[in-house]
$ cat work_9.txt   # compact mmCIF, C-alpha atoms and all ligand atoms
# COMPACT_ATOMS: atom_id res chain seq x y z
CA MET A 1 0.00 0.00 0.00
CA SER A 2 1.33 3.49 -0.83
CA ILE A 3 -0.09 6.92 0.09
CA LEU A 4 0.94 10.39 -0.98
CA PHE A 5 0.15 13.17 1.51
CA GLU A 6 0.03 16.49 -0.29
CA ASN A 7 -0.49 20.12 0.60
CA ILE A 8 1.27 20.05 4.01
CA GLY A 9 1.66 23.65 5.25
CA THR A 10 4.54 22.87 7.64
CA LEU A 11 6.29 19.50 7.85
CA LEU A 12 8.55 19.13 10.89
CA THR A 13 10.79 16.15 10.15
CA LEU A 14 13.83 16.16 12.48
CA HIS A 15 15.57 14.49 9.54
CA PRO A 16 18.94 16.17 10.22
CA LEU A 17 19.12 14.23 13.51
CA ALA A 18 17.97 11.03 11.83
CA LYS A 19 20.57 11.45 9.10
CA GLU A 20 23.38 11.86 11.60
CA LYS A 21 21.85 9.46 14.16
CA ARG A 22 22.56 12.15 16.77
CA GLY A 23 20.53 12.90 19.90
CA HIS A 24 22.86 15.43 21.52
CA SER A 25 23.75 19.04 20.63
CA VAL A 26 20.32 19.61 19.05
CA LYS A 27 20.08 22.96 17.31
CA GLU A 28 17.27 24.88 15.66
CA SER A 29 18.07 23.70 12.13
CA ASP A 30 17.79 20.06 13.35
CA LEU A 31 13.99 20.51 13.39
CA GLY A 32 14.18 20.01 9.63
CA ILE A 33 11.13 22.19 8.91
CA LEU A 34 9.79 22.13 5.35
CA LYS A 35 7.11 24.49 4.05
CA ASP A 36 4.54 23.53 1.35
CA ALA A 37 5.64 19.94 1.62
CA TRP A 38 4.56 16.45 0.66
CA LEU A 39 5.14 13.03 2.22
CA PHE A 40 5.11 9.67 0.47
CA CYS A 41 4.66 6.44 2.46
CA GLU A 42 4.97 2.85 1.27
CA GLN A 43 4.32 -0.32 3.28
CA GLY A 44 3.86 1.69 6.48
CA LYS A 45 7.20 3.47 6.16
CA VAL A 46 8.31 6.89 5.01
CA SER A 47 9.62 6.45 1.53
CA ALA A 48 10.21 10.08 0.45
CA PHE A 49 9.35 13.65 1.40
CA GLY A 50 10.05 17.07 -0.01
CA THR A 51 8.77 20.47 -1.04
CA GLY A 52 7.24 21.83 -4.22
CA ALA A 53 6.09 19.67 -7.11
CA VAL A 54 5.87 15.89 -6.63
CA SER A 55 7.74 13.91 -9.27
CA ASP A 56 5.77 11.96 -11.88
CA PHE A 57 7.52 8.80 -10.66
CA ILE A 58 6.02 9.17 -7.15
CA LYS A 59 2.64 10.30 -8.50
CA LYS A 60 2.43 7.13 -10.56
CA ARG A 61 3.46 4.89 -7.66
CA ALA A 62 0.92 6.39 -5.21
CA GLN A 63 -2.12 4.13 -4.87
CA ASP A 64 -3.88 6.68 -2.67
CA LYS A 65 -3.67 10.45 -2.17
CA ARG A 66 -4.60 12.71 0.72
CA ASP A 67 -4.91 16.48 0.68
CA LEU A 68 -3.83 17.68 4.15
CA GLU A 69 -5.19 21.20 3.52
CA ASN A 70 -2.17 23.19 4.65
CA ALA A 71 -1.89 21.36 8.00
CA TYR A 72 1.07 21.17 10.41
CA VAL A 73 2.56 17.66 10.46
CA MET A 74 5.13 16.34 12.95
CA PRO A 75 6.47 12.93 14.05
CA GLY A 76 4.33 10.84 16.40
CA LEU A 77 5.37 11.42 20.02
CA VAL A 78 7.48 8.87 21.92
CA ASP A 79 6.87 8.54 25.66
CA SER A 80 9.86 6.68 27.11
CA HIS A 81 8.76 6.43 30.77
CA THR A 82 5.34 5.39 32.05
CA HIS A 83 3.92 3.12 34.76
CA ALA A 84 0.63 2.63 32.90
CA ILE A 85 -0.28 -0.83 34.24
CA PHE A 86 -1.80 -0.59 37.72
CA GLY A 87 -4.98 -1.21 39.67
CA GLY A 88 -6.96 1.32 41.71
CA ASN A 89 -6.21 5.01 42.00
CA ARG A 90 -4.52 7.44 44.41
CA TYR A 91 -6.77 10.49 44.04
CA SER A 92 -7.07 10.84 47.81
CA GLU A 93 -3.26 11.07 48.11
CA PHE A 94 -3.31 13.98 45.69
CA VAL A 95 -5.73 15.75 48.01
CA GLN A 96 -3.64 14.77 51.08
CA ARG A 97 -0.68 16.51 49.42
CA LEU A 98 -2.77 19.61 48.74
CA ASN A 99 -3.59 19.59 52.45
CA GLY A 100 0.02 19.46 53.58
CA SER A 101 1.46 15.91 53.48
CA SER A 102 4.54 15.13 51.39
CA TYR A 103 4.92 12.23 48.91
CA GLN A 104 7.40 10.57 51.29
CA GLU A 105 5.16 11.01 54.37
CA ILE A 106 2.24 9.40 52.52
CA ALA A 107 4.44 6.49 51.41
CA ALA A 108 5.74 6.01 54.98
CA SER A 109 2.19 5.77 56.31
CA GLY A 110 1.25 2.88 54.01
CA GLY A 111 0.18 4.84 50.93
CA GLY A 112 2.27 5.38 47.82
CA ILE A 113 3.64 2.52 45.72
CA ARG A 114 2.56 -0.03 48.37
CA SER A 115 -1.10 0.94 48.14
CA THR A 116 -1.04 0.62 44.33
CA MET A 117 0.71 -2.74 44.73
CA ASN A 118 -2.22 -3.98 46.84
CA ALA A 119 -4.79 -2.64 44.34
CA THR A 120 -2.86 -4.16 41.41
CA ARG A 121 -2.48 -7.56 43.02
CA SER A 122 -6.20 -7.74 43.74
CA ALA A 123 -7.31 -6.49 40.30
CA SER A 124 -8.33 -9.16 37.78
CA ASP A 125 -6.23 -9.72 34.63
CA GLU A 126 -9.10 -8.47 32.49
CA ASP A 127 -9.42 -5.32 34.59
CA LEU A 128 -5.72 -4.55 34.22
CA ILE A 129 -5.80 -5.22 30.47
CA GLN A 130 -8.79 -2.95 29.90
CA THR A 131 -7.60 -0.04 32.05
CA THR A 132 -4.12 -0.15 30.51
CA LEU A 133 -5.59 -0.22 26.98
CA HIS A 134 -7.73 2.74 27.99
CA HIS A 135 -4.62 4.68 29.10
CA ILE A 136 -2.82 3.79 25.85
CA ALA A 137 -5.82 5.05 23.85
CA ASP A 138 -5.73 8.29 25.87
CA PHE A 139 -2.00 8.71 25.10
CA GLN A 140 -2.63 8.00 21.41
CA LYS A 141 -5.43 10.57 21.18
CA ARG A 142 -2.91 13.08 22.52
CA GLY A 143 -0.33 12.16 19.91
CA VAL A 144 1.77 9.43 21.54
CA CYS A 145 2.43 6.62 19.03
CA THR A 146 5.19 4.82 20.98
CA VAL A 147 4.96 4.23 24.70
CA GLU A 148 7.22 2.52 27.20
CA ILE A 149 5.35 0.79 30.02
CA LYS A 150 6.95 -0.50 33.21
CA THR A 151 5.72 -3.25 35.50
CA GLY A 152 6.50 -2.46 39.12
CA TYR A 153 3.29 -2.71 41.11
CA GLY A 154 3.54 -6.51 41.45
CA LEU A 155 6.63 -6.62 43.67
CA SER A 156 7.01 -10.39 43.85
CA VAL A 157 8.41 -12.81 41.28
CA GLU A 158 4.96 -14.17 40.53
CA GLN A 159 3.17 -10.82 40.34
CA GLU A 160 5.88 -9.12 38.29
CA LEU A 161 5.78 -11.99 35.80
CA ARG A 162 2.01 -11.68 35.67
CA LEU A 163 2.26 -7.98 34.79
CA ALA A 164 4.95 -8.58 32.16
CA ARG A 165 2.79 -11.28 30.53
CA LEU A 166 -0.24 -8.99 30.63
CA LEU A 167 1.79 -6.29 28.89
CA LYS A 168 2.59 -8.73 26.10
CA ASN A 169 -1.11 -9.44 25.73
CA ILE A 170 -1.93 -5.70 25.80
CA GLU A 171 0.71 -5.02 23.15
CA SER A 172 -1.09 -7.34 20.74
CA GLN A 173 -4.33 -5.36 21.13
CA THR A 174 -3.15 -1.85 20.21
CA ARG A 175 -1.67 -0.14 17.14
CA SER A 176 0.57 1.97 19.40
CA HIS A 177 4.11 0.64 19.63
CA ILE A 178 4.70 -0.66 23.18
CA VAL A 179 8.14 -1.03 24.76
CA LYS A 180 8.08 -3.22 27.86
CA THR A 181 10.25 -2.74 30.96
CA CYS A 182 10.43 -4.81 34.15
CA LEU A 183 10.58 -2.61 37.25
CA ALA A 184 10.42 -5.36 39.87
CA LEU A 185 12.86 -3.16 41.86
CA HIS A 186 10.27 -0.38 42.27
CA ASP A 187 9.99 -0.89 46.03
CA LEU A 188 10.83 -3.54 48.61
CA SER A 189 8.79 -6.72 48.38
CA PRO A 190 6.54 -7.44 51.39
CA GLU A 191 7.23 -11.18 51.01
CA TYR A 192 10.93 -10.83 51.87
CA LYS A 193 12.41 -9.62 55.15
CA ARG A 194 15.74 -8.82 53.51
CA SER A 195 15.85 -7.06 50.16
CA GLU A 196 18.91 -9.19 49.28
CA ASP A 197 16.66 -12.27 49.26
CA TYR A 198 14.16 -10.58 46.91
CA ILE A 199 16.95 -9.47 44.57
CA ASN A 200 18.37 -13.02 44.52
CA ALA A 201 14.93 -14.39 43.70
CA LEU A 202 14.63 -11.88 40.85
CA ARG A 203 17.96 -13.01 39.50
CA ASN A 204 17.38 -16.77 39.87
CA GLU A 205 13.64 -17.06 39.23
CA LEU A 206 12.35 -13.98 37.40
CA LEU A 207 15.16 -13.15 34.97
CA PRO A 208 15.33 -16.58 33.27
CA VAL A 209 11.57 -16.45 32.55
CA LEU A 210 11.70 -12.85 31.29
CA ILE A 211 14.35 -13.97 28.82
CA LYS A 212 12.80 -17.33 27.90
CA GLU A 213 9.39 -15.83 27.14
CA ASN A 214 10.88 -12.65 25.63
CA LEU A 215 8.67 -10.55 27.88
CA VAL A 216 10.57 -7.25 28.18
CA SER A 217 13.33 -5.24 26.51
CA PHE A 218 14.51 -3.35 29.59
CA ILE A 219 15.06 -3.71 33.31
CA ASP A 220 14.64 -0.72 35.65
CA ALA A 221 15.32 0.02 39.34
CA PHE A 222 14.33 2.79 41.75
CA ILE A 223 17.70 3.95 43.09
CA GLU A 224 16.81 6.02 46.14
CA LYS A 225 17.36 6.18 49.90
CA GLY A 226 14.95 3.72 51.53
CA TYR A 227 14.51 1.78 48.27
CA TYR A 228 17.57 0.38 46.45
CA ALA A 229 21.28 1.29 46.44
CA PRO A 230 23.37 0.74 43.29
CA GLN A 231 25.68 -1.73 45.05
CA GLN A 232 22.69 -3.91 46.06
CA VAL A 233 21.30 -4.30 42.58
CA GLU A 234 24.48 -4.25 40.48
CA THR A 235 24.90 -8.02 40.11
CA PHE A 236 21.27 -8.48 39.09
CA LEU A 237 21.21 -5.58 36.63
CA LEU A 238 24.48 -6.60 35.01
CA ALA A 239 23.21 -10.19 34.72
CA ALA A 240 20.09 -8.82 32.99
CA LYS A 241 22.27 -6.77 30.67
CA LYS A 242 24.37 -9.82 29.86
CA SER A 243 21.15 -11.64 28.94
CA GLY A 244 20.34 -8.92 26.40
CA LEU A 245 18.14 -6.52 28.36
CA GLY A 246 18.85 -2.78 28.40
CA ILE A 247 19.02 -0.90 31.71
CA ARG A 248 16.93 2.18 32.60
CA LEU A 249 17.12 3.75 36.05
CA HIS A 250 15.03 5.97 38.32
CA ALA A 251 17.97 8.11 39.34
CA ASP A 252 18.47 10.89 41.90
CA GLU A 253 14.82 11.94 42.19
CA PHE A 254 14.50 12.88 45.88
CA SER A 255 18.18 12.64 46.86
CA ASN A 256 21.52 11.91 45.21
CA ALA A 257 21.78 8.15 45.73
CA GLU A 258 24.33 7.76 42.88
CA GLY A 259 21.76 6.55 40.37
CA THR A 260 22.99 8.81 37.59
CA LYS A 261 26.62 7.94 38.25
CA TYR A 262 25.91 4.21 38.04
CA ALA A 263 23.63 4.60 35.01
CA ALA A 264 26.66 5.96 33.13
CA LEU A 265 28.95 3.29 34.58
CA TRP A 266 26.61 0.43 33.65
CA GLY A 267 25.93 1.80 30.16
CA ALA A 268 22.22 2.28 30.86
CA ALA A 269 19.98 3.34 27.97
CA SER A 270 18.44 6.06 30.13
CA ALA A 271 18.76 7.78 33.52
CA ASP A 272 15.43 9.31 34.53
CA HIS A 273 14.31 12.09 36.95
CA LEU A 274 17.76 13.59 37.79
CA GLN A 275 16.51 16.38 40.06
CA CYS A 276 19.38 15.79 42.51
CA ALA A 277 22.13 14.78 40.06
CA SER A 278 25.41 16.71 40.27
CA GLN A 279 27.48 18.37 37.58
CA GLU A 280 29.95 15.47 37.78
CA ASP A 281 27.04 13.08 37.17
CA ALA A 282 25.99 15.11 34.11
CA LYS A 283 29.53 14.94 32.73
CA ALA A 284 29.63 11.18 33.29
CA LEU A 285 26.32 10.80 31.43
CA ALA A 286 27.66 12.88 28.54
CA ARG A 287 30.67 10.56 28.23
CA SER A 288 28.35 7.53 28.10
CA GLN A 289 25.58 6.62 25.66
CA THR A 290 23.00 7.10 28.42
CA VAL A 291 20.14 9.50 27.62
CA ALA A 292 19.22 12.02 30.35
CA THR A 293 15.43 11.84 30.73
CA LEU A 294 13.49 14.65 32.40
CA LEU A 295 10.14 13.94 34.04
CA PRO A 296 8.66 17.37 34.80
CA GLY A 297 5.17 15.92 35.35
CA THR A 298 6.46 14.52 38.67
CA SER A 299 7.71 17.95 39.77
CA LEU A 300 4.45 19.59 38.69
CA TYR A 301 2.37 16.98 40.46
CA THR A 302 4.26 16.57 43.74
CA GLY A 303 5.79 20.03 44.07
CA ILE A 304 9.44 18.88 44.11
CA PRO A 305 11.93 21.05 42.17
CA PHE A 306 12.18 20.75 38.39
CA THR A 307 15.39 19.31 36.90
CA ASP A 308 17.51 22.01 35.27
CA ALA A 309 18.22 20.62 31.82
CA ARG A 310 20.90 23.22 30.99
CA MET A 311 23.47 21.43 33.15
CA PHE A 312 22.99 18.23 31.15
CA LEU A 313 22.85 20.01 27.78
CA LYS A 314 25.97 22.01 28.57
CA ALA A 315 27.79 18.79 29.48
CA GLY A 316 26.77 17.38 26.06
CA CYS A 317 24.04 14.89 27.06
CA ALA A 318 21.18 13.78 24.85
CA VAL A 319 18.06 14.97 26.72
CA ALA A 320 14.62 13.35 26.50
CA VAL A 321 11.35 14.30 28.19
CA ALA A 322 8.76 11.74 29.35
CA SER A 323 5.45 11.76 31.23
CA ASP A 324 6.21 9.32 34.10
CA PHE A 325 2.47 8.62 33.95
CA ASN A 326 1.58 6.78 37.19
CA PRO A 327 -1.21 6.96 39.77
CA GLY A 328 0.82 8.65 42.49
CA SER A 329 3.48 11.11 41.45
CA SER A 330 2.46 12.08 37.89
CA TYR A 331 -1.09 11.41 36.76
CA VAL A 332 -0.32 13.27 33.54
CA LYS A 333 -1.32 11.81 30.18
CA SER A 334 -0.35 14.53 27.74
CA LEU A 335 3.25 14.35 26.54
CA ALA A 336 2.63 17.48 24.44
CA GLN A 337 1.80 19.33 27.65
CA VAL A 338 4.87 17.85 29.33
CA ALA A 339 7.06 19.07 26.43
CA SER A 340 5.90 22.66 27.01
CA LEU A 341 6.32 22.25 30.77
CA ALA A 342 9.87 21.03 30.25
CA ALA A 343 10.63 23.99 28.03
CA ILE A 344 9.34 26.43 30.66
CA HIS A 345 10.54 24.84 33.90
CA CYS A 346 13.54 22.70 32.88
CA HIS A 347 14.74 25.46 30.53
CA LEU A 348 14.75 23.65 27.20
CA LYS A 349 14.88 25.59 23.93
CA SER A 350 11.93 24.98 21.64
CA TRP A 351 13.92 22.61 19.40
CA GLU A 352 15.25 20.69 22.42
CA ALA A 353 11.71 20.22 23.77
CA ILE A 354 10.47 18.87 20.45
CA ALA A 355 13.43 16.53 19.90
CA GLY A 356 12.99 15.56 23.58
CA VAL A 357 9.57 13.98 22.97
CA THR A 358 10.33 12.44 19.56
CA TYR A 359 13.81 11.56 18.32
CA VAL A 360 15.79 11.44 21.59
CA PRO A 361 13.44 9.14 23.57
CA ALA A 362 13.30 6.83 20.55
CA ILE A 363 17.08 6.44 20.83
CA SER A 364 16.79 5.61 24.52
CA LEU A 365 14.22 2.91 23.67
CA GLY A 366 16.52 1.28 21.12
CA LEU A 367 14.32 2.52 18.24
CA LYS A 368 16.93 4.55 16.36
CA GLY A 369 16.14 4.40 12.66
CA ARG A 370 12.49 3.49 13.26
CA LYS A 371 10.70 6.05 15.43
CA GLY A 372 10.79 9.73 16.33
CA ALA A 373 11.50 11.38 12.97
CA ILE A 374 10.07 11.68 9.49
CA HIS A 375 12.86 10.30 7.37
CA GLU A 376 13.32 7.65 4.70
CA GLY A 377 12.87 4.16 6.16
CA TYR A 378 11.28 5.37 9.40
CA ASP A 379 7.87 4.04 10.46
CA ALA A 380 5.24 6.44 9.10
CA ASP A 381 4.01 7.59 12.54
CA PHE A 382 2.91 11.21 12.40
CA LEU A 383 0.41 13.76 13.69
CA VAL A 384 -1.72 16.16 11.67
CA TYR A 385 -2.86 19.42 13.28
CA LYS A 386 -4.88 22.35 11.95
CA MET A 387 -2.13 24.62 13.22
CA LYS A 388 0.45 26.89 11.66
CA GLY A 389 3.48 25.15 13.12
CA MET A 390 5.50 24.18 16.15
CA GLU A 391 5.26 27.65 17.76
CA GLU A 392 1.51 27.18 18.06
CA TRP A 393 1.97 23.56 19.15
CA LEU A 394 4.30 24.50 22.03
CA ALA A 395 2.24 27.52 23.12
CA ASP A 396 -0.95 25.42 23.10
CA MET A 397 0.50 23.12 25.82
CA GLY A 398 -1.22 20.00 24.54
CA GLN A 399 -4.73 21.42 24.87
CA THR A 400 -5.62 20.80 21.23
CA LEU A 401 -5.71 17.13 20.22
CA PRO A 402 -4.21 16.18 16.86
CA ASP A 403 -6.83 16.15 14.09
CA GLU A 404 -5.34 12.91 12.80
CA VAL A 405 -2.91 10.34 14.21
CA TRP A 406 -1.18 7.97 11.76
CA ILE A 407 0.80 4.89 12.79
CA HIS A 408 2.56 2.81 10.09
CA ALA A 409 0.75 5.01 7.55
CA GLU A 410 -2.63 3.88 8.92
CA LYS A 411 -5.03 6.41 10.38
CA VAL A 412 -5.70 5.37 13.98
CA GLN A 413 -7.43 8.56 15.19
O1 LIG B 1 8.66 7.53 38.80
N1 LIG B 1 9.81 7.09 41.76
C1 LIG B 1 9.27 6.00 41.73
N2 LIG B 1 8.30 5.64 40.93
C2 LIG B 1 7.33 6.51 40.39
C3 LIG B 1 6.28 6.80 41.36
C4 LIG B 1 5.35 5.70 41.41
C5 LIG B 1 4.22 5.89 42.36
O2 LIG B 1 4.17 6.84 43.17
O3 LIG B 1 3.35 5.02 42.29
C6 LIG B 1 7.97 7.72 39.79
O4 LIG B 1 7.80 8.87 40.23
FE FE B 2 8.80 6.59 37.14

$ encode --input "work_9.txt" --output "structure tokens"
Amino acid sequence: MSILFENIGTLLTLHPLAKEKRGHSVKESDLGILKDAWLFCEQGKVSAFGTGAVSDFIKKRAQDKRDLENAYVMPGLVDSHTHAIFGGNRYSEFVQRLNGSSYQEIAASGGGIRSTMNATRSASDEDLIQTTLHHIADFQKRGVCTVEIKTGYGLSVEQELRLARLLKNIESQTRSHIVKTCLALHDLSPEYKRSEDYINALRNELLPVLIKENLVSFIDAFIEKGYYAPQQVETFLLAAKKSGLGIRLHADEFSNAEGTKYAALWGAASADHLQCASQEDAKALARSQTVATLLPGTSLYTGIPFTDARMFLKAGCAVAVASDFNPGSSYVKSLAQVASLAAIHCHLKSWEAIAGVTYVPAISLGLKGRKGAIHEGYDADFLVYKMKGMEEWLADMGQTLPDEVWIHAEKVQ
């Protein structure tokens, strides 16, 4: 199947980044903006794009044509950090925070991750499948075509495997591209007195099944005081890496617990949060292939400081922005809104914010060459807006939904 999209007012491609396979040192010209453009897709992939008259060769090959009526078109968004599979809700904790309690105080009194663990364990499989599909549909409506989803509210070998298997089932029921991550190290497990015993069980019992059934692409850990220290989880994470899984880390969110430092050392795909990372940590990240991922939704939602992206950009890091969608610390579903938030509060330039929710997170998810840009050979995932261009898109803060969402050159919204 081949489709020619004509009469595009503004086509934002990011093709300079795709050409150079570069996620760092993003500059304005890397947006690759074309005016009065066209886009030609074949077999679900971008086959050619350009400005002005379409060649007779392409016109003849096109089985279908679409007039986009001067629209603004940009790559489908890539959300590289969500916790979208969970039972229950934590609305009352949100109100508790409004009334003076902190995220940590609520967690210490039995709320937080533990309360979602209980609700997730007691939810039926069908319930979890349907609510997660509902969240994915909400992301898609708001322009997210690729979404990473972490387990992490099971917190035992059996329950974490259950969530990973459910994610595989969910993946088969949506057109969005799902990247699966195991976050069994999200909190301590109530079944084990010593966290060492839980970590050993993850290594001996969970990891072999994750690999055998090809359940996830990444392994994640919450590196934080009161949760996990790098030295505790190193053997397990490196064993996972040796088995072919990538590492992502929740790093230096509430305190500097050396998460960012170890992310660089272990060659993690991504270090996320980073509010309390130091300049040395930023330099270490820049020397590694690890993407620095900002999660401003968490700062907005819980009132903790925003990460200052300039330190990471100055050091030379590739910087992504993700929603951290979860029931407790960031119940935020619009990555477009998060991109604008990151620009305002984490001090990203407009081009850095846009690359931060498209091309850069795709790199961190191992999807270089497939997602996050409009370039030859890339999956034809793109958004169509009745807007003038990216200035309007950023200023709108995700309030206007895309008029059309295309994934693999198929209209899904
Ligand atoms: O990324 N920091 C740990 N995990 C989540 C919070 C999850 C929750 O509160 O349920 C986060 O912010
Ligand atoms: Fe998170």

$ closest_atom_pairs --input "work_9.txt" --of "range 29-102 of chain A" --to "range 367-384 of chain A" --cutoff "12 Å" --atoms "only C-alpha atoms" --output "Markdown table"
| residue | atom | partner | partner_atom | distance |
| --- | --- | --- | --- | --- |
| A:Asp30 | CA | A:Ala373 | CA | 10.7 |
| A:Leu31 | CA | A:Ala373 | CA | 9.5 |
| A:Gly32 | CA | A:Ile374 | CA | 9.3 |
| A:Ile33 | CA | A:Ile374 | CA | 10.6 |
| A:Leu34 | CA | A:Ile374 | CA | 11.2 |
| A:Trp38 | CA | A:Ile374 | CA | 11.4 |
| A:Leu39 | CA | A:Ile374 | CA | 8.9 |
| A:Phe40 | CA | A:Ala380 | CA | 9.2 |
| A:Cys41 | CA | A:Ala380 | CA | 6.7 |
| A:Glu42 | CA | A:Ala380 | CA | 8.6 |
| A:Gln43 | CA | A:Ala380 | CA | 9.0 |
| A:Gly44 | CA | A:Ala380 | CA | 5.6 |
| A:Lys45 | CA | A:Asp379 | CA | 4.4 |
| A:Val46 | CA | A:Glu376 | CA | 5.1 |
| A:Ser47 | CA | A:Glu376 | CA | 5.0 |
| A:Ala48 | CA | A:Glu376 | CA | 5.8 |
| A:Phe49 | CA | A:His375 | CA | 7.7 |
| A:Gly50 | CA | A:His375 | CA | 10.4 |
| A:Arg66 | CA | A:Val384 | CA | 11.8 |
| A:Asp67 | CA | A:Val384 | CA | 11.4 |
| A:Leu68 | CA | A:Val384 | CA | 8.0 |
| A:Glu69 | CA | A:Val384 | CA | 10.2 |
| A:Asn70 | CA | A:Val384 | CA | 9.9 |
| A:Ala71 | CA | A:Val384 | CA | 6.4 |
| A:Tyr72 | CA | A:Val384 | CA | 5.9 |
| A:Val73 | CA | A:Val384 | CA | 4.7 |
| A:Met74 | CA | A:Leu383 | CA | 5.4 |
| A:Pro75 | CA | A:Phe382 | CA | 4.3 |
| A:Gly76 | CA | A:Phe382 | CA | 4.3 |
| A:Leu77 | CA | A:Gly372 | CA | 6.8 |
| A:Val78 | CA | A:Gly372 | CA | 6.6 |
| A:Asp79 | CA | A:Gly372 | CA | 10.2 |
| A:Ser80 | CA | A:Leu367 | CA | 10.8 |

$ atom_distance --input "work_9.txt" --atom1 "CA of Gly152 in chain A" --atom2 "CA of Ile129 in chain A"
15.3 Å

$ closest_atom_pairs --input "work_9.txt" --of "chain A" --to "ligand FE 2 (chain B)" --cutoff "10 Å" --atoms "all atoms listed in the file" --output "JSON lines"
{"residue": "A:His81", "atom": "CA", "partner": "B:FE2", "partner_atom": "FE", "distance": 6.4}
{"residue": "A:Thr82", "atom": "CA", "partner": "B:FE2", "partner_atom": "FE", "distance": 6.3}
{"residue": "A:His83", "atom": "CA", "partner": "B:FE2", "partner_atom": "FE", "distance": 6.4}
{"residue": "A:Ile149", "atom": "CA", "partner": "B:FE2", "partner_atom": "FE", "distance": 9.8}
{"residue": "A:Lys150", "atom": "CA", "partner": "B:FE2", "partner_atom": "FE", "distance": 8.3}
{"residue": "A:Gly152", "atom": "CA", "partner": "B:FE2", "partner_atom": "FE", "distance": 9.5}
{"residue": "A:Leu183", "atom": "CA", "partner": "B:FE2", "partner_atom": "FE", "distance": 9.4}
{"residue": "A:His186", "atom": "CA", "partner": "B:FE2", "partner_atom": "FE", "distance": 8.8}
{"residue": "A:Asp220", "atom": "CA", "partner": "B:FE2", "partner_atom": "FE", "distance": 9.5}
{"residue": "A:Ala221", "atom": "CA", "partner": "B:FE2", "partner_atom": "FE", "distance": 9.5}
{"residue": "A:Phe222", "atom": "CA", "partner": "B:FE2", "partner_atom": "FE", "distance": 8.1}
{"residue": "A:Leu249", "atom": "CA", "partner": "B:FE2", "partner_atom": "FE", "distance": 8.9}
{"residue": "A:His250", "atom": "CA", "partner": "B:FE2", "partner_atom": "FE", "distance": 6.4}
{"residue": "A:Ala251", "atom": "CA", "partner": "B:FE2", "partner_atom": "FE", "distance": 9.6}
{"residue": "A:Glu253", "atom": "CA", "partner": "B:FE2", "partner_atom": "FE", "distance": 9.5}
{"residue": "A:Asp272", "atom": "CA", "partner": "B:FE2", "partner_atom": "FE", "distance": 7.6}
{"residue": "A:His273", "atom": "CA", "partner": "B:FE2", "partner_atom": "FE", "distance": 7.8}
{"residue": "A:Leu295", "atom": "CA", "partner": "B:FE2", "partner_atom": "FE", "distance": 8.1}
{"residue": "A:Thr298", "atom": "CA", "partner": "B:FE2", "partner_atom": "FE", "distance": 8.4}
{"residue": "A:Ala322", "atom": "CA", "partner": "B:FE2", "partner_atom": "FE", "distance": 9.3}
{"residue": "A:Ser323", "atom": "CA", "partner": "B:FE2", "partner_atom": "FE", "distance": 8.5}
{"residue": "A:Asp324", "atom": "CA", "partner": "B:FE2", "partner_atom": "FE", "distance": 4.8}
{"residue": "A:Phe325", "atom": "CA", "partner": "B:FE2", "partner_atom": "FE", "distance": 7.4}
{"residue": "A:Asn326", "atom": "CA", "partner": "B:FE2", "partner_atom": "FE", "distance": 7.2}
{"residue": "A:Gly328", "atom": "CA", "partner": "B:FE2", "partner_atom": "FE", "distance": 9.8}
{"residue": "A:Ser329", "atom": "CA", "partner": "B:FE2", "partner_atom": "FE", "distance": 8.2}
{"residue": "A:Ser330", "atom": "CA", "partner": "B:FE2", "partner_atom": "FE", "distance": 8.4}

$ atom_distance --input "work_9.txt" --atom1 "CA of Met387 in chain A" --atom2 "CA of Val26 in chain A"
23.7 Å

$ residues_near_point --input "work_9.txt" --point "(12.0, 24.5, 19.6)" --cutoff "12 Å" --atoms "only C-alpha atoms" --output "MDAnalysis selection string"
chainID A and resid 12 14 26:33 339:340 342:344 347:357 389:395

$ closest_residue --input "work_9.txt" --among "A:Leu207, A:Glu160, A:Thr302, A:Val338" --to "Gly100 in chain A" --atoms "all atoms listed in the file"
A:Thr302

$ closest_residue --input "work_9.txt" --among "A:Tyr153, A:Phe236, A:Trp266, A:Phe57" --to "Glu205 in chain A" --atoms "all atoms listed in the file"
A:Phe236

$ residues_around --input "work_9.txt" --residues "range 163-176 of chain A" --least-positions-apart "5" --cutoff "9 Å" --atoms "only C-alpha atoms" --output "PyMOL selection string"
chain A and resi 85-86+125+128-130+132-133+136-137+140+144-147+149-154+158+181-182+210+213+215-216+407-408+412

$ atom_distance --input "work_9.txt" --atom1 "CA of Ile199 in chain A" --atom2 "CA of Leu294 in chain A"
27.2 Å

$ residues_around --input "work_9.txt" --residues "Gly52 in chain A" --least-positions-apart "3" --cutoff "10 Å" --atoms "all atoms listed in the file" --output "PyMOL selection string"
chain A and resi 6-7+34-38+55

$ closest_residue --input "work_9.txt" --among "A:Lys19, A:Lys333, A:His345, A:Lys283" --to "Asp308 in chain A" --atoms "all atoms listed in the file"
A:His345
